[in-house]
>>> print(open('final34.txt').read())   # compact mmCIF, C-alpha atoms
# COMPACT_ATOMS: atom_id res chain seq x y z
CA MET A 1 126.00 87.91 78.99
CA PRO A 2 122.29 87.03 79.26
CA ILE A 3 120.51 86.99 82.59
CA THR A 4 119.43 83.46 83.40
CA PRO A 5 116.98 82.13 86.00
CA GLU A 6 119.78 80.08 87.59
CA LYS A 7 121.68 83.28 88.44
CA SER A 8 118.74 85.49 89.30
CA LEU A 9 116.74 83.12 91.54
CA PRO A 10 119.21 83.23 94.49
CA PHE A 11 119.41 87.01 94.06
CA TYR A 12 115.62 87.25 94.15
CA HIS A 13 115.46 85.13 97.32
CA SER A 14 118.11 87.27 99.04
CA LEU A 15 116.14 90.43 98.22
CA CYS A 16 112.85 89.07 99.56
CA ASN A 17 114.47 87.85 102.80
CA THR A 18 115.80 91.31 103.69
CA LYS A 19 112.67 93.38 103.17
CA ASN A 20 112.43 94.64 106.76
CA GLN A 21 115.85 96.32 106.96
CA ILE A 22 115.27 100.07 106.68
CA PHE A 23 118.14 102.59 106.66
CA CYS A 24 118.69 106.12 105.39
CA HIS A 25 119.78 106.27 101.76
CA LYS A 26 121.81 109.41 102.37
CA CYS A 27 123.79 108.68 105.56
CA SER A 28 123.25 104.85 105.85
CA LEU A 29 122.11 105.06 109.48
CA SER A 30 119.12 103.19 110.82
CA CYS A 31 119.04 104.42 114.44
CA ASN A 32 117.84 107.99 113.68
CA LEU A 33 114.76 107.09 111.63
CA ILE A 34 111.21 108.04 112.52
CA LYS A 35 108.02 107.26 110.66
CA ASN A 36 106.85 110.28 108.69
CA GLY A 37 103.42 109.47 107.30
CA THR A 38 102.18 107.18 104.55
CA TYR A 39 100.95 107.37 100.99
CA GLN A 40 99.11 104.97 98.72
CA ARG A 41 100.29 103.37 95.49
CA TYR A 42 98.58 101.06 93.05
CA HIS A 43 100.02 97.57 93.09
CA PRO A 44 100.25 96.06 89.61
CA ASP A 45 99.46 92.52 90.81
CA LYS A 46 96.86 93.25 93.47
CA GLU A 47 93.51 94.92 93.08
CA GLY A 48 93.52 98.44 94.48
CA LYS A 49 96.08 100.40 96.45
CA ILE A 50 98.65 99.51 99.10
CA VAL A 51 100.09 101.74 101.82
CA VAL A 52 103.77 102.78 101.63
CA GLN A 53 105.49 104.12 104.77
CA ARG A 54 107.58 107.32 104.61
CA TYR A 55 110.60 107.80 106.93
CA PHE A 56 112.57 110.82 108.12
CA CYS A 57 116.22 110.69 109.19
CA LYS A 58 116.90 113.04 112.09
CA ALA A 59 120.66 112.92 111.50
CA CYS A 60 120.74 114.24 107.91
CA LYS A 61 117.18 115.67 107.61
CA PHE A 62 116.39 113.39 104.67
CA SER A 63 112.87 112.09 103.97
CA PHE A 64 112.43 108.89 101.96
CA SER A 65 110.26 105.85 101.44
CA THR A 66 110.97 102.27 100.46
CA PRO A 67 108.18 100.45 98.66
CA PRO A 68 107.31 96.94 99.87
CA PHE A 69 109.23 94.06 98.35
CA SER A 70 108.62 93.41 94.67
CA LEU A 71 106.97 96.81 94.04
CA LEU A 72 109.20 98.87 91.73
CA ARG A 73 108.99 102.64 91.67
CA LEU A 74 107.36 104.31 88.64
CA PHE A 75 106.89 100.96 86.88
CA GLN A 76 103.63 99.29 86.02
CA PHE A 77 104.92 95.85 86.94
CA CYS A 78 106.75 94.18 89.82
CA ILE A 79 110.29 92.86 90.08
CA GLU A 80 109.04 89.46 88.91
CA GLY A 81 107.84 91.15 85.71
CA LEU A 82 111.20 92.89 85.38
CA PHE A 83 113.06 89.58 85.47
CA LEU A 84 110.61 88.11 82.98
CA ILE A 85 111.28 90.98 80.58
CA LEU A 86 115.05 90.63 81.04
CA PHE A 87 114.77 86.90 80.23
CA LEU A 88 112.50 87.51 77.23
CA PHE A 89 114.60 90.34 75.78
CA GLU A 90 117.15 87.79 74.59
CA VAL A 91 114.51 85.42 73.20
CA ILE A 92 111.66 87.32 71.53
CA PRO A 93 111.69 90.41 69.27
CA VAL A 94 111.69 93.85 70.87
CA ALA A 95 108.54 94.74 68.93
CA HIS A 96 106.60 92.02 70.77
CA LEU A 97 107.85 93.25 74.16
CA ALA A 98 106.92 96.82 73.22
CA GLU A 99 103.44 95.71 72.21
CA PHE A 100 103.05 93.68 75.40
CA LEU A 101 104.14 96.62 77.63
CA LYS A 102 102.32 99.23 75.53
CA CYS A 103 105.36 101.40 74.90
CA SER A 104 107.80 102.07 72.07
CA ARG A 105 110.67 99.85 70.99
CA SER A 106 113.17 102.60 71.82
CA THR A 107 111.81 102.69 75.40
CA ILE A 108 112.35 98.94 75.72
CA ARG A 109 115.90 99.18 74.39
CA ARG A 110 116.74 102.19 76.55
CA ARG A 111 115.39 100.57 79.72
CA PHE A 112 117.09 97.27 78.95
CA ASN A 113 120.42 99.06 78.38
CA ARG A 114 120.02 100.77 81.76
CA LEU A 115 118.60 97.74 83.61
CA SER A 116 121.02 95.12 82.42
CA PRO A 117 124.15 96.58 84.10
CA ILE A 118 122.24 97.18 87.37
CA ILE A 119 121.00 93.60 87.51
CA HIS A 120 124.40 92.15 86.50
CA ALA A 121 126.17 94.23 89.17
CA SER A 122 123.56 93.30 91.77
CA LEU A 123 123.75 89.59 90.96
CA ALA A 124 127.46 89.67 91.79
CA MET A 125 126.90 91.31 95.19
CA GLU A 126 126.66 89.23 98.33
CA GLY A 127 124.02 90.18 100.86
CA ILE A 128 122.30 92.97 98.95
CA VAL A 129 119.18 94.29 100.66
CA TRP A 130 115.92 95.46 99.11
CA THR A 131 116.25 99.07 100.33
CA SER A 132 119.65 99.62 98.70
CA PHE A 133 118.65 97.78 95.53
CA ILE A 134 115.43 99.75 95.01
CA TYR A 135 117.19 103.07 95.68
CA SER A 136 120.05 102.40 93.22
CA PHE A 137 117.57 100.99 90.70
CA SER A 138 115.43 104.15 90.94
CA ARG A 139 118.41 106.50 90.67
CA VAL A 140 119.75 104.86 87.52
CA LEU A 141 116.44 104.51 85.70
CA PHE A 142 114.84 107.78 86.80
CA PRO A 143 117.64 110.29 87.48
CA ARG A 144 115.30 113.25 87.16
CA PHE A 145 113.12 112.04 90.05
CA TYR A 146 116.00 110.75 92.21
CA PRO A 147 118.94 113.19 91.84
CA ARG A 148 122.26 112.61 93.57
>>> encode(input="final34.txt", output="structure tokens")
Amino acid sequence: MPITPEKSLPFYHSLCNTKNQIFCHKCSLSCNLIKNGTYQRYHPDKEGKIVVQRYFCKACKFSFSTPPFSLLRLFQFCIEGLFLILFLFEVIPVAHLAEFLKCSRSTIRRRFNRLSPIIHASLAMEGIVWTSFIYSFSRVLFPRFYPR
């Protein structure tokens, strides 16, 4: 089943409306969080770097960060670019997408095969928040960097 703008637009709006809800990815609590420094990341759409806040959960001793809305971890484009690629995957040849993103065709296919189920499952969820989406997204696409 292809991902269409009609299905993904309400999902996108629900993600951007919940960007300020921060909770621990390990124990799901929000009352035991303290700010634990910052680091800088390049933003693919803006010139230069942005500041990302790190948090520490006192209950489970887990340190984490949640990038600002629309900034995907370890990607060189934002969530808007991700949706564009998911829309275009069904329409244009993989070779053109690979050339556009400066990567191999197998990388495009592999990422699409991993991304598609995440997006389809997320589209069906009611009230999904940015912090849980970005964490599950990161764990599925980059298991080496975000182990269980």
>>> residues_around(input="final34.txt", residues="stretch 50-67 of chain A", least_positions_apart="3", cutoff="9 Å", atoms="all atoms listed in the file", output="ChimeraX atom specification")
/A:22-27,29-43,46,70-73,130-131,134-135
>>> residues_around(input="final34.txt", residues="stretch 93-95 of chain A", least_positions_apart="6", cutoff="12 Å", atoms="only C-alpha atoms", output="ChimeraX atom specification")
/A:85-87,101-112
>>> residues_around(input="final34.txt", residues="A:Ser116", least_positions_apart="3", cutoff="10 Å", atoms="only C-alpha atoms", output="PDB file with C-alpha atoms, in the coordinates of the input")
ATOM      1  CA  MET A   1     126.000  87.910  78.990  1.00  0.00           C
ATOM      2  CA  PRO A   2     122.290  87.030  79.260  1.00  0.00           C
ATOM      3  CA  ILE A   3     120.510  86.990  82.590  1.00  0.00           C
ATOM      4  CA  LEU A  86     115.050  90.630  81.040  1.00  0.00           C
ATOM      5  CA  ARG A 111     115.390 100.570  79.720  1.00  0.00           C
ATOM      6  CA  PHE A 112     117.090  97.270  78.950  1.00  0.00           C
ATOM      7  CA  ASN A 113     120.420  99.060  78.380  1.00  0.00           C
ATOM      8  CA  ILE A 119     121.000  93.600  87.510  1.00  0.00           C
ATOM      9  CA  HIS A 120     124.400  92.150  86.500  1.00  0.00           C
ATOM     10  CA  ALA A 121     126.170  94.230  89.170  1.00  0.00           C
ATOM     11  CA  SER A 122     123.560  93.300  91.770  1.00  0.00           C
TER      12      SER A 122
END
>>> atom_distance(input="final34.txt", atom1="atom CA of A:Ile118", atom2="atom CA of A:Ser138")
10.4 Å
>>> axis_aligned_box(input="final34.txt", around="stretch 75-91 of chain A", padding_each_side="6 Å", output="JSON")
{"center_x": 110.4, "center_y": 93.2, "center_z": 81.6, "size_x": 25.5, "size_y": 27.5, "size_z": 28.9}
>>> closest_residue(input="final34.txt", among="A:Leu141, A:Leu84, A:Leu123, A:Ile92", to="A:His13", atoms="all atoms listed in the file")
A:Leu123
>>> closest_residue(input="final34.txt", among="A:Pro117, A:Pro44, A:Gly127, A:Gly81", to="A:Leu15", atoms="only C-alpha atoms")
A:Gly127
>>> atom_distance(input="final34.txt", atom1="atom CA of A:Gln21", atom2="atom CA of A:Ser8")
20.9 Å
>>> atom_distance(input="final34.txt", atom1="atom CA of A:Arg139", atom2="atom CA of A:Val91")
27.7 Å
